[in-house]
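To be precise, the following lines are data_20.cif, and they hold mmCIF, N, CA and C atoms.
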```cif
data_target
#
loop_
_atom_site.label_atom_id
_atom_site.label_comp_id
_atom_site.auth_asym_id
_atom_site.auth_seq_id
_atom_site.Cartn_x
_atom_site.Cartn_y
_atom_site.Cartn_z
N MET B 1 55.71 164.67 8.92
CA MET B 1 57.06 164.84 8.46
C MET B 1 57.52 166.24 8.87
N LYS B 2 58.77 166.34 9.32
CA LYS B 2 59.32 167.62 9.77
C LYS B 2 60.73 167.82 9.23
N ILE B 3 61.08 169.08 9.03
CA ILE B 3 62.45 169.43 8.64
C ILE B 3 63.34 169.29 9.86
N VAL B 4 64.43 168.52 9.71
CA VAL B 4 65.36 168.35 10.83
C VAL B 4 66.70 169.04 10.58
N ASP B 5 67.01 169.34 9.32
CA ASP B 5 68.29 169.99 9.03
C ASP B 5 68.25 170.58 7.63
N ILE B 6 69.04 171.61 7.44
CA ILE B 6 69.26 172.18 6.11
C ILE B 6 70.77 172.26 5.94
N LYS B 7 71.26 171.58 4.92
CA LYS B 7 72.70 171.52 4.68
C LYS B 7 73.03 172.18 3.35
N ALA B 8 74.30 172.53 3.19
CA ALA B 8 74.73 173.16 1.96
C ALA B 8 76.15 172.76 1.62
N ALA B 9 76.44 172.78 0.33
CA ALA B 9 77.79 172.51 -0.15
C ALA B 9 78.08 173.46 -1.30
N TYR B 10 79.28 173.95 -1.34
CA TYR B 10 79.72 174.83 -2.41
C TYR B 10 80.63 174.03 -3.32
N ILE B 11 80.17 173.77 -4.55
CA ILE B 11 80.93 172.96 -5.49
C ILE B 11 81.09 173.75 -6.79
N GLY B 12 82.33 174.11 -7.11
CA GLY B 12 82.57 174.95 -8.28
C GLY B 12 81.95 176.31 -8.06
N GLN B 13 81.07 176.73 -8.93
CA GLN B 13 80.33 177.98 -8.77
C GLN B 13 78.90 177.73 -8.30
N GLU B 14 78.59 176.49 -7.99
CA GLU B 14 77.23 176.11 -7.58
C GLU B 14 77.14 175.94 -6.06
N TYR B 15 76.04 176.38 -5.52
CA TYR B 15 75.73 176.21 -4.11
C TYR B 15 74.56 175.24 -4.06
N ILE B 16 74.75 174.11 -3.43
CA ILE B 16 73.73 173.06 -3.39
C ILE B 16 73.12 173.02 -2.00
N ILE B 17 71.80 173.15 -1.95
CA ILE B 17 71.08 173.12 -0.68
C ILE B 17 70.33 171.81 -0.57
N ARG B 18 70.36 171.23 0.62
CA ARG B 18 69.68 169.97 0.91
C ARG B 18 68.80 170.17 2.15
N VAL B 19 67.51 169.96 2.00
CA VAL B 19 66.58 170.03 3.12
C VAL B 19 66.31 168.59 3.57
N CYS B 20 66.66 168.26 4.80
CA CYS B 20 66.54 166.90 5.34
C CYS B 20 65.31 166.80 6.24
N THR B 21 64.61 165.65 6.15
CA THR B 21 63.43 165.43 6.98
C THR B 21 63.65 164.26 7.93
N ASP B 22 62.75 164.15 8.90
CA ASP B 22 62.84 163.06 9.87
C ASP B 22 62.46 161.71 9.27
N LYS B 23 61.87 161.69 8.08
CA LYS B 23 61.48 160.44 7.42
C LYS B 23 62.54 159.95 6.43
N GLY B 24 63.64 160.68 6.32
CA GLY B 24 64.72 160.28 5.42
C GLY B 24 64.52 160.73 3.98
N ILE B 25 63.53 161.56 3.72
CA ILE B 25 63.30 162.09 2.38
C ILE B 25 63.93 163.48 2.33
N ASP B 26 64.77 163.70 1.33
CA ASP B 26 65.48 164.97 1.22
C ASP B 26 65.12 165.67 -0.09
N GLY B 27 65.17 166.99 -0.06
CA GLY B 27 64.96 167.79 -1.26
C GLY B 27 66.24 168.54 -1.58
N TYR B 28 66.53 168.69 -2.87
CA TYR B 28 67.76 169.33 -3.30
C TYR B 28 67.48 170.47 -4.27
N CYS B 29 68.36 171.46 -4.28
CA CYS B 29 68.32 172.54 -5.25
C CYS B 29 69.71 173.15 -5.33
N SER B 30 70.06 173.67 -6.49
CA SER B 30 71.36 174.33 -6.63
C SER B 30 71.19 175.65 -7.38
N PHE B 31 72.11 176.56 -7.12
CA PHE B 31 72.14 177.84 -7.82
C PHE B 31 73.54 178.41 -7.74
N GLU B 32 73.79 179.41 -8.55
CA GLU B 32 75.11 180.02 -8.61
C GLU B 32 75.22 181.14 -7.59
N ILE B 33 76.35 181.19 -6.87
CA ILE B 33 76.58 182.27 -5.90
C ILE B 33 77.96 182.87 -6.09
N LEU B 34 78.16 184.01 -5.46
CA LEU B 34 79.45 184.69 -5.53
C LEU B 34 80.12 184.81 -4.17
N ASN B 35 79.35 184.90 -3.09
CA ASN B 35 79.91 185.12 -1.77
C ASN B 35 79.55 183.95 -0.85
N VAL B 36 80.51 183.06 -0.61
CA VAL B 36 80.26 181.86 0.17
C VAL B 36 79.99 182.18 1.64
N ASP B 37 80.73 183.09 2.23
CA ASP B 37 80.55 183.42 3.65
C ASP B 37 79.15 183.95 3.92
N PHE B 38 78.66 184.82 3.06
CA PHE B 38 77.31 185.35 3.20
C PHE B 38 76.29 184.22 3.07
N SER B 39 76.55 183.29 2.18
CA SER B 39 75.62 182.18 1.93
C SER B 39 75.43 181.31 3.15
N TYR B 40 76.49 180.97 3.84
CA TYR B 40 76.37 180.13 5.02
C TYR B 40 75.64 180.87 6.15
N ALA B 41 75.86 182.17 6.27
CA ALA B 41 75.18 182.96 7.31
C ALA B 41 73.68 183.03 7.04
N VAL B 42 73.31 183.28 5.79
CA VAL B 42 71.89 183.35 5.42
C VAL B 42 71.22 181.99 5.63
N LEU B 43 71.88 180.94 5.20
CA LEU B 43 71.29 179.61 5.33
C LEU B 43 71.12 179.23 6.80
N ASP B 44 72.06 179.64 7.64
CA ASP B 44 71.95 179.37 9.07
C ASP B 44 70.71 180.05 9.66
N TRP B 45 70.43 181.28 9.23
CA TRP B 45 69.25 181.99 9.71
C TRP B 45 67.98 181.27 9.27
N PHE B 46 67.92 180.85 8.00
CA PHE B 46 66.74 180.14 7.50
C PHE B 46 66.57 178.80 8.22
N LYS B 47 67.67 178.15 8.49
CA LYS B 47 67.63 176.85 9.19
C LYS B 47 66.95 177.00 10.55
N LYS B 48 67.29 178.04 11.29
CA LYS B 48 66.68 178.26 12.60
C LYS B 48 65.18 178.50 12.49
N GLN B 49 64.74 179.11 11.40
CA GLN B 49 63.33 179.39 11.20
C GLN B 49 62.52 178.16 10.80
N LEU B 50 63.19 177.17 10.20
CA LEU B 50 62.46 176.07 9.58
C LEU B 50 62.55 174.71 10.28
N ILE B 51 63.40 174.57 11.27
CA ILE B 51 63.48 173.29 11.98
C ILE B 51 62.12 172.99 12.62
N GLY B 52 61.59 171.81 12.34
CA GLY B 52 60.31 171.39 12.89
C GLY B 52 59.11 171.70 12.03
N VAL B 53 59.30 172.37 10.90
CA VAL B 53 58.20 172.73 10.00
C VAL B 53 57.95 171.59 9.02
N ASP B 54 56.70 171.41 8.62
CA ASP B 54 56.32 170.36 7.66
C ASP B 54 56.68 170.82 6.24
N PRO B 55 57.64 170.15 5.57
CA PRO B 55 58.05 170.56 4.23
C PRO B 55 57.05 170.18 3.14
N THR B 56 56.08 169.31 3.46
CA THR B 56 55.10 168.93 2.45
C THR B 56 54.03 170.00 2.27
N SER B 57 54.14 171.07 3.01
CA SER B 57 53.27 172.23 2.86
C SER B 57 54.14 173.44 2.52
N PRO B 58 54.59 173.53 1.25
CA PRO B 58 55.49 174.62 0.87
C PRO B 58 54.93 176.02 1.15
N ASN B 59 53.62 176.18 1.11
CA ASN B 59 53.04 177.50 1.39
C ASN B 59 53.30 177.92 2.83
N ASP B 60 53.21 177.00 3.78
CA ASP B 60 53.52 177.32 5.17
C ASP B 60 55.00 177.66 5.35
N VAL B 61 55.84 176.90 4.68
CA VAL B 61 57.28 177.15 4.75
C VAL B 61 57.58 178.55 4.21
N MET B 62 56.97 178.89 3.08
CA MET B 62 57.23 180.18 2.48
C MET B 62 56.70 181.33 3.33
N ARG B 63 55.56 181.13 3.98
CA ARG B 63 55.02 182.16 4.86
C ARG B 63 55.99 182.48 6.00
N ARG B 64 56.68 181.46 6.48
CA ARG B 64 57.63 181.67 7.58
C ARG B 64 58.85 182.47 7.14
N ILE B 65 59.33 182.22 5.93
CA ILE B 65 60.60 182.84 5.54
C ILE B 65 60.46 184.03 4.59
N ARG B 66 59.30 184.26 4.02
CA ARG B 66 59.14 185.37 3.09
C ARG B 66 58.93 186.71 3.78
N ARG B 67 58.81 186.72 5.07
CA ARG B 67 58.57 187.99 5.74
C ARG B 67 59.76 188.95 5.58
N MET B 68 60.93 188.41 5.26
CA MET B 68 62.08 189.27 4.96
C MET B 68 62.03 189.75 3.52
N GLY B 69 61.17 189.16 2.72
CA GLY B 69 61.10 189.51 1.30
C GLY B 69 61.73 188.43 0.46
N GLY B 70 61.44 188.45 -0.80
CA GLY B 70 61.98 187.44 -1.70
C GLY B 70 62.90 188.03 -2.74
N ASN B 71 63.44 189.21 -2.44
CA ASN B 71 64.32 189.84 -3.42
C ASN B 71 65.77 189.80 -2.94
N LYS B 72 66.62 190.53 -3.60
CA LYS B 72 68.04 190.49 -3.27
C LYS B 72 68.28 191.00 -1.87
N PRO B 73 69.24 190.51 -1.15
CA PRO B 73 70.26 189.54 -1.56
C PRO B 73 69.91 188.09 -1.24
N TRP B 74 68.77 187.83 -0.62
CA TRP B 74 68.46 186.46 -0.20
C TRP B 74 67.39 185.79 -1.03
N GLY B 75 66.97 186.36 -2.13
CA GLY B 75 65.92 185.78 -2.97
C GLY B 75 66.28 184.40 -3.50
N LYS B 76 67.54 184.18 -3.84
CA LYS B 76 67.97 182.87 -4.34
C LYS B 76 67.76 181.78 -3.29
N TYR B 77 68.03 182.11 -2.06
CA TYR B 77 67.92 181.14 -0.97
C TYR B 77 66.45 180.79 -0.70
N VAL B 78 65.60 181.81 -0.71
CA VAL B 78 64.17 181.60 -0.51
C VAL B 78 63.63 180.68 -1.61
N SER B 79 63.99 180.98 -2.85
CA SER B 79 63.52 180.17 -3.98
C SER B 79 64.06 178.75 -3.92
N ALA B 80 65.33 178.60 -3.55
CA ALA B 80 65.93 177.27 -3.47
C ALA B 80 65.26 176.42 -2.38
N ILE B 81 64.97 177.03 -1.24
CA ILE B 81 64.29 176.29 -0.18
C ILE B 81 62.90 175.88 -0.62
N GLU B 82 62.21 176.74 -1.35
CA GLU B 82 60.89 176.39 -1.86
C GLU B 82 60.97 175.21 -2.83
N VAL B 83 61.97 175.23 -3.73
CA VAL B 83 62.15 174.11 -4.66
C VAL B 83 62.44 172.82 -3.90
N CYS B 84 63.25 172.89 -2.86
CA CYS B 84 63.53 171.70 -2.06
C CYS B 84 62.25 171.15 -1.43
N CYS B 85 61.40 172.03 -0.93
CA CYS B 85 60.14 171.59 -0.32
C CYS B 85 59.21 170.96 -1.34
N TRP B 86 59.15 171.53 -2.53
CA TRP B 86 58.34 170.92 -3.59
C TRP B 86 58.92 169.57 -4.00
N ASP B 87 60.25 169.46 -3.97
CA ASP B 87 60.91 168.19 -4.28
C ASP B 87 60.49 167.12 -3.26
N ILE B 88 60.43 167.48 -2.01
CA ILE B 88 60.01 166.56 -0.96
C ILE B 88 58.54 166.21 -1.09
N ALA B 89 57.72 167.22 -1.36
CA ALA B 89 56.27 167.00 -1.47
C ALA B 89 55.96 166.09 -2.64
#
```
Target format structure tokens, applied to this file:
Amino acid sequence: MKIVDIKAAYIGQEYIIRVCTDKGIDGYCSFEILNVDFSYAVLDWFKKQLIGVDPTSPNDVMRRIRRMGGNKPWGKYVSAIEVCCWDIA
């Protein structure tokens, strides 16, 4: 199984992230954000790092994206992607 896309939607004050796989199994997570433009830019960067990675191994996914750190301003995104991977697993 591989990650083929990471999508997002801004609904109200919630930002919903969806990690899509080639097997049709998706993981979801939501969190509150303040800056939508920054959110789409950060998610685009993470998407480029994760296309083709196996989401059923959240530790491998986290190793790829935690090198920037897991604190502000992108800590929410790192945590949300991890939750999505655990949802898939």
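Using all atoms listed in the file, the nearest neighbour of Leu34 (chain B) within the list B:Pro58, B:Gln13, B:Val83, B:Arg63 is B:Gln13.
Of the listed residues (B:Lys47, B:Asp22, B:Asp54, B:Val36), B:Asp54 comes nearest to Cys85 (chain B); the distances count all atoms listed in the file.
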Fill in: Exercise: Pro55 (chain B) partners within 6.5 Å, all atoms listed in the file, chain neighbours under 5 positions left out, as a ChimeraX atom specification
/B:1-3,85-86,88-89
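Per DSSP on the backbone, strand (DSSP E or B) in chain B comprises Ile3, Val4, Asp5, Ile6, Lys7, Ala8, Ala9, Tyr10, Ile11, Glu14, Tyr15, Ile16, Ile17, Arg18, Val19, Cys20, Thr21, Asp26, Gly27, Tyr28, Cys29, Ser30, Phe31 and Glu32 of chain B.
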Write out, as a compact mmCIF listing (two decimals), in the frame of the given file, the residues just selected, with N, CA and C atoms.
```txt
# COMPACT_ATOMS: atom_id res chain seq x y z
N ILE B 3 61.08 169.08 9.03
CA ILE B 3 62.45 169.43 8.64
C ILE B 3 63.34 169.29 9.86
N VAL B 4 64.43 168.52 9.71
CA VAL B 4 65.36 168.35 10.83
C VAL B 4 66.70 169.04 10.58
N ASP B 5 67.01 169.34 9.32
CA ASP B 5 68.29 169.99 9.03
C ASP B 5 68.25 170.58 7.63
N ILE B 6 69.04 171.61 7.44
CA ILE B 6 69.26 172.18 6.11
C ILE B 6 70.77 172.26 5.94
N LYS B 7 71.26 171.58 4.92
CA LYS B 7 72.70 171.52 4.68
C LYS B 7 73.03 172.18 3.35
N ALA B 8 74.30 172.53 3.19
CA ALA B 8 74.73 173.16 1.96
C ALA B 8 76.15 172.76 1.62
N ALA B 9 76.44 172.78 0.33
CA ALA B 9 77.79 172.51 -0.15
C ALA B 9 78.08 173.46 -1.30
N TYR B 10 79.28 173.95 -1.34
CA TYR B 10 79.72 174.83 -2.41
C TYR B 10 80.63 174.03 -3.32
N ILE B 11 80.17 173.77 -4.55
CA ILE B 11 80.93 172.96 -5.49
C ILE B 11 81.09 173.75 -6.79
N GLU B 14 78.59 176.49 -7.99
CA GLU B 14 77.23 176.11 -7.58
C GLU B 14 77.14 175.94 -6.06
N TYR B 15 76.04 176.38 -5.52
CA TYR B 15 75.73 176.21 -4.11
C TYR B 15 74.56 175.24 -4.06
N ILE B 16 74.75 174.11 -3.43
CA ILE B 16 73.73 173.06 -3.39
C ILE B 16 73.12 173.02 -2.00
N ILE B 17 71.80 173.15 -1.95
CA ILE B 17 71.08 173.12 -0.68
C ILE B 17 70.33 171.81 -0.57
N ARG B 18 70.36 171.23 0.62
CA ARG B 18 69.68 169.97 0.91
C ARG B 18 68.80 170.17 2.15
N VAL B 19 67.51 169.96 2.00
CA VAL B 19 66.58 170.03 3.12
C VAL B 19 66.31 168.59 3.57
N CYS B 20 66.66 168.26 4.80
CA CYS B 20 66.54 166.90 5.34
C CYS B 20 65.31 166.80 6.24
N THR B 21 64.61 165.65 6.15
CA THR B 21 63.43 165.43 6.98
C THR B 21 63.65 164.26 7.93
N ASP B 26 64.77 163.70 1.33
CA ASP B 26 65.48 164.97 1.22
C ASP B 26 65.12 165.67 -0.09
N GLY B 27 65.17 166.99 -0.06
CA GLY B 27 64.96 167.79 -1.26
C GLY B 27 66.24 168.54 -1.58
N TYR B 28 66.53 168.69 -2.87
CA TYR B 28 67.76 169.33 -3.30
C TYR B 28 67.48 170.47 -4.27
N CYS B 29 68.36 171.46 -4.28
CA CYS B 29 68.32 172.54 -5.25
C CYS B 29 69.71 173.15 -5.33
N SER B 30 70.06 173.67 -6.49
CA SER B 30 71.36 174.33 -6.63
C SER B 30 71.19 175.65 -7.38
N PHE B 31 72.11 176.56 -7.12
CA PHE B 31 72.14 177.84 -7.82
C PHE B 31 73.54 178.41 -7.74
N GLU B 32 73.79 179.41 -8.55
CA GLU B 32 75.11 180.02 -8.61
C GLU B 32 75.22 181.14 -7.59
```
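Put simply, CA of Arg64 (chain B) is 7.7 Å away from CA of Leu50 (chain B).
Counting only C-alpha atoms, Arg66 (chain B) has the following residues at most 12 Å away, ignoring those fewer than 3 positions along the same chain: Phe46, Gln49, Leu50, Pro58, Asn59, Asp60, Val61, Met62, Arg63, Gly69, Gly70, Asn71, Trp74, Gly75, Lys76, Tyr77, Val78, Ser79, Ile81 and Glu82 of chain B.
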Can you pull out the residues contacting Gly27 (chain B)? Cut-off 5 Å, using all atoms listed in the file, and skip same-chain residues under 5 positions away; I want them as a PDB file with N, CA and C atoms, in the coordinates of the input.
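Saved result, part_20.pdb, follows:
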```
ATOM      1  N   ARG B  18      70.360 171.230   0.620  1.00  0.00           N
ATOM      2  CA  ARG B  18      69.680 169.970   0.910  1.00  0.00           C
ATOM      3  C   ARG B  18      68.800 170.170   2.150  1.00  0.00           C
ATOM      4  N   VAL B  19      67.510 169.960   2.000  1.00  0.00           N
ATOM      5  CA  VAL B  19      66.580 170.030   3.120  1.00  0.00           C
ATOM      6  C   VAL B  19      66.310 168.590   3.570  1.00  0.00           C
ATOM      7  N   CYS B  84      63.250 172.890  -2.860  1.00  0.00           N
ATOM      8  CA  CYS B  84      63.530 171.700  -2.060  1.00  0.00           C
ATOM      9  C   CYS B  84      62.250 171.150  -1.430  1.00  0.00           C
ATOM     10  N   ASP B  87      60.250 169.460  -3.970  1.00  0.00           N
ATOM     11  CA  ASP B  87      60.910 168.190  -4.280  1.00  0.00           C
ATOM     12  C   ASP B  87      60.490 167.120  -3.260  1.00  0.00           C
ATOM     13  N   ILE B  88      60.430 167.480  -2.010  1.00  0.00           N
ATOM     14  CA  ILE B  88      60.010 166.560  -0.960  1.00  0.00           C
ATOM     15  C   ILE B  88      58.540 166.210  -1.090  1.00  0.00           C
TER      16      ILE B  88
END
```
Within 6 Å of Val4 (chain B), counting all atoms listed in the file, which residues qualify if same-chain residues fewer than 2 places away don't, as an mmCIF file with N, CA and C atoms, in the frame of the given file?
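Written output follows (selection-v3.cif):
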```cif
data_model
loop_
_atom_site.group_PDB
_atom_site.id
_atom_site.type_symbol
_atom_site.label_atom_id
_atom_site.label_comp_id
_atom_site.auth_asym_id
_atom_site.auth_seq_id
_atom_site.Cartn_x
_atom_site.Cartn_y
_atom_site.Cartn_z
ATOM 1 N N LYS B 2 58.770 166.340 9.320
ATOM 2 C CA LYS B 2 59.320 167.620 9.770
ATOM 3 C C LYS B 2 60.730 167.820 9.230
ATOM 4 N N ILE B 6 69.040 171.610 7.440
ATOM 5 C CA ILE B 6 69.260 172.180 6.110
ATOM 6 C C ILE B 6 70.770 172.260 5.940
ATOM 7 N N CYS B 20 66.660 168.260 4.800
ATOM 8 C CA CYS B 20 66.540 166.900 5.340
ATOM 9 C C CYS B 20 65.310 166.800 6.240
ATOM 10 N N THR B 21 64.610 165.650 6.150
ATOM 11 C CA THR B 21 63.430 165.430 6.980
ATOM 12 C C THR B 21 63.650 164.260 7.930
ATOM 13 N N ASP B 22 62.750 164.150 8.900
ATOM 14 C CA ASP B 22 62.840 163.060 9.870
ATOM 15 C C ASP B 22 62.460 161.710 9.270
ATOM 16 N N ILE B 51 63.400 174.570 11.270
ATOM 17 C CA ILE B 51 63.480 173.290 11.980
ATOM 18 C C ILE B 51 62.120 172.990 12.620
ATOM 19 N N GLY B 52 61.590 171.810 12.340
ATOM 20 C CA GLY B 52 60.310 171.390 12.890
ATOM 21 C C GLY B 52 59.110 171.700 12.030
#
```
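Atom N of Gly12 (chain B) to atom C of Ala80 (chain B) spans 17.9 Å [interatomic distance, one decimal].
Reported to one decimal place, the separation of CA of Pro73 (chain B) from CA of Ala41 (chain B) is 12.1 Å.
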Worksheet item: How would you write, as a VMD selection string, the set of residues in region 5-89 of chain B that DSSP gives as alpha helix (DSSP H)?
Response: chain B and resid 36 to 50 58 to 65 75 to 88
With 4 Å of padding per side, what axis-aligned box (centre and edge lengths, Å, one decimal) covers all the listed atoms of region 15-19 of chain B? Give it as JSON.
```
{"center_x": 71.2, "center_y": 172.5, "center_z": -1.0, "size_x": 17.7, "size_y": 15.8, "size_z": 17.1}
```
